[in-house]
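Here's the structure, in structure tokens; my notes come after.
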Amino acid sequence: MNSLICASRLCLLSLAIPVGAAAQNPDQGLISTASGTPVAYASVGVLGKPIGTVANAQGAVSLAPFTAAAPTDTVVVSCVGYQSRKVLAAAFSRQPVVQLQPQVYALQEVKVSAKSWKRHRIGRDGAWGITFYNFHLNADKDPAQKLGREVGTILHVAPGSYLEDAYVHFGQNDFKNLRFRLNVRALDAQDHPAASLLTQDILFTVANHATGWQHIDLKPYEVNVAQQKRVAITLEWLGGAPDVKKDWYCLTIPAALSTTHRMVFRDKSEDQWKVQLVNVSLYVTALSPKG
């Protein structure tokens with residue numbers, strides 16, 4: 001069952017010798033740089049399958065989800081600002097210490113003047129909806145199972161635009177200590193989210209049980225869509241837990257059925273994307289070139 005509810009509801013990577021507390025724990029792996037600095041909240045998923053998780057702030061990653069992977073499956077480790085790495089699941093289970101190399105970006109100077117740029121909203125800014133997306137699934141028995149879950153929307157943008165702010169509306173929120181990653185992606189040949197357009201990791205937290213519009217300031221990250229005319233803006237679940245035991249938990253984003261807008265979602269960081277004709281309450285403000 002997906003989480004949309006209507007009216008109810010190889011290149012082998014080189015592995016390092018395990019070091020540090022996380023690597024000494026047989027139930028955990030470690031994602032770090034070559035110098036041993038942990039890579040916080042790196043995404044770890046099995047290519048093409050709903051199997052995976054997210055590292056914690058110390059780079060430690062649980063190995064439990066990967067017991068469902070076949071030995072020949074490919075595990076992908078990724079994080080904004082680093083080159084993604086791949087390893088066979090069998091090798092990852094034996095030596096789950098993965099070193100990521102920083103990604104080098106070519107930066108261009110851009111001059112902005114009031115006469116040649118305009119600011120506008122792109123996306124759905126309505127806080128209501130006859131349907132909604134819920135981050136909780138029937139199969140979730142543990143809040144950690146949500147780690148890596150991702151949902152978002154495809155937006156039309158003017159090439160060369162800068163994204164200055166993002167807003168998402170939560171209708172219900174049973175969770176505390178919520179943490180997300182905001183992703184901005186280009187689309188592939190299948191019209192699915194693909195390569196990241198970010199040069200810095202955009203992480204944000206949500207106040208305990210907070211509802212209503214949540215603001216993410218994107219200006220410090222200088223998010224430019226380059227030559228893209230459409231991009232995917234998505235939220236990736238990195239952490240959060242309920243403080244009261246319930247049979248069903250809610251963290252919902254209102255949505256409206258649509259024939260022109262599309263919601264994209266997947267269960268883990270390397271799972272296949274799913275698409276529905278739904279417009280979720282998620283929008284950005286953009287600074288776009290005139291003409």
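Here, A, B, ... name the chains of the structure tokens in the order displayed, residue numbers run from 1 inside each chain, and ligands are numbered from 1 in the same displayed order.
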
Taking the chain letters and numbering used in this document, name the residues of segment 1-237 of chain A that DSSP puts in strand (DSSP E or B), as a ChimeraX atom specification. /A:4-6,15,28-32,38,43-46,52-54,60-62,74-78,82,85-88,97-99,102,117-123,131-134,150-156,162-170,173,175-187,193-196,202-206,212-217,223-224,230-237

What lies within 9 Å of segment 230-238 of chain A using only C-alpha atoms, ignoring chain neighbours under 2 positions off, as a ChimeraX atom specification? /A:41,43,53-56,135,144,146-159,166,178-187,192-194,197,203,225,228,240,264-265,268-269,282-284

What does the structure give for the distance between atom CA of Ile253 of chain A and atom CA of Asp267 of chain A, in Å to one decimal?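 Atom-to-atom, atom CA of Ile253 of chain A to atom CA of Asp267 of chain A, that is 16.0 Å.
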
Separation of atom CA of Val77 of chain A from atom CA of Ala42 of chain A in Å: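 Atom CA of Val77 of chain A lies 6.9 Å from atom CA of Ala42 of chain A.
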
Taking the DSSP secondary structure from the backbone, can you list the residues of segment 59-271 of chain A that are alpha helix (DSSP H), as an MDAnalysis selection string? chainID A and resid 89:94

In Å, rounded to a single decimal, give me how far atom CA of Ser84 of chain A is from atom CA of Ser62 of chain A.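 A separation of 18.6 Å between them.
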
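Take the candidates A:Phe175, A:Tyr167, A:Tyr221, A:Phe66 and check each one against Ala207 of chain A using only C-alpha atoms; the shortest distance goes to A:Phe175.
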
Pick from A:Ser78, A:Asn25, A:Thr72, A:Gln276 nearest to Val44 of chain A, counting only C-alpha atoms: A:Ser78

Pick the closest to Arg119 of chain A from A:Asn138, A:Gln145, A:Ser161, A:Asn173: which is it, counting only C-alpha atoms?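 Ranked by minimum distance to Arg119 of chain A, first place goes to A:Ser161.
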
Selection: 9 Å around Tyr82 of chain A, only C-alpha atoms, excl. self and same-chain fewer than 4 positions, as a list in words: Ser78, Leu100, Gln101, Pro102, Gln103 and Val104 of chain A

Mind checking which residues fall within 10 Å of Asp73 of chain A, counting only C-alpha atoms, ignoring those fewer than 6 positions away in the same chain, and posting them as a PyMOL selection string? chain A and resi 46-49+66+87-90

Selection to disk with N, CA, C and O atoms, as a PDB file, in the first residue's frame:
ATOM      1  N   VAL A  46      19.499   0.094  -1.607  1.00  0.00           N
ATOM      2  CA  VAL A  46      19.729  -0.958  -2.599  1.00  0.00           C
ATOM      3  C   VAL A  46      19.118  -0.513  -3.922  1.00  0.00           C
ATOM      4  O   VAL A  46      17.943  -0.144  -3.985  1.00  0.00           O
ATOM      5  N   LEU A  47      19.912  -0.531  -4.957  1.00  0.00           N
ATOM      6  CA  LEU A  47      19.508  -0.022  -6.256  1.00  0.00           C
ATOM      7  C   LEU A  47      18.248  -0.728  -6.762  1.00  0.00           C
ATOM      8  O   LEU A  47      18.197  -1.946  -6.872  1.00  0.00           O
ATOM      9  N   GLY A  48      17.200   0.083  -7.023  1.00  0.00           N
ATOM     10  CA  GLY A  48      15.971  -0.439  -7.602  1.00  0.00           C
ATOM     11  C   GLY A  48      15.049  -1.160  -6.653  1.00  0.00           C
ATOM     12  O   GLY A  48      14.043  -1.737  -7.087  1.00  0.00           O
ATOM     13  N   LYS A  49      15.338  -1.141  -5.355  1.00  0.00           N
ATOM     14  CA  LYS A  49      14.508  -1.864  -4.387  1.00  0.00           C
ATOM     15  C   LYS A  49      14.170  -0.977  -3.188  1.00  0.00           C
ATOM     16  O   LYS A  49      14.931  -0.059  -2.856  1.00  0.00           O
ATOM     17  N   PHE A  66      19.489  -4.361   5.455  1.00  0.00           N
ATOM     18  CA  PHE A  66      20.153  -4.976   4.307  1.00  0.00           C
ATOM     19  C   PHE A  66      20.172  -6.501   4.367  1.00  0.00           C
ATOM     20  O   PHE A  66      20.661  -7.155   3.441  1.00  0.00           O
ATOM     21  N   VAL A  87      28.633  -0.655  -4.046  1.00  0.00           N
ATOM     22  CA  VAL A  87      29.278  -1.870  -3.586  1.00  0.00           C
ATOM     23  C   VAL A  87      28.247  -2.991  -3.610  1.00  0.00           C
ATOM     24  O   VAL A  87      27.054  -2.758  -3.409  1.00  0.00           O
ATOM     25  N   LEU A  88      28.699  -4.214  -3.868  1.00  0.00           N
ATOM     26  CA  LEU A  88      27.797  -5.350  -3.784  1.00  0.00           C
ATOM     27  C   LEU A  88      27.335  -5.543  -2.343  1.00  0.00           C
ATOM     28  O   LEU A  88      28.096  -5.333  -1.392  1.00  0.00           O
ATOM     29  N   ALA A  89      26.093  -5.951  -2.188  1.00  0.00           N
ATOM     30  CA  ALA A  89      25.530  -6.129  -0.854  1.00  0.00           C
ATOM     31  C   ALA A  89      26.339  -7.135  -0.027  1.00  0.00           C
ATOM     32  O   ALA A  89      26.500  -6.957   1.182  1.00  0.00           O
ATOM     33  N   ALA A  90      26.853  -8.171  -0.674  1.00  0.00           N
ATOM     34  CA  ALA A  90      27.649  -9.173   0.053  1.00  0.00           C
ATOM     35  C   ALA A  90      28.898  -8.540   0.646  1.00  0.00           C
ATOM     36  O   ALA A  90      29.267  -8.815   1.796  1.00  0.00           O
TER      37      ALA A  90
END
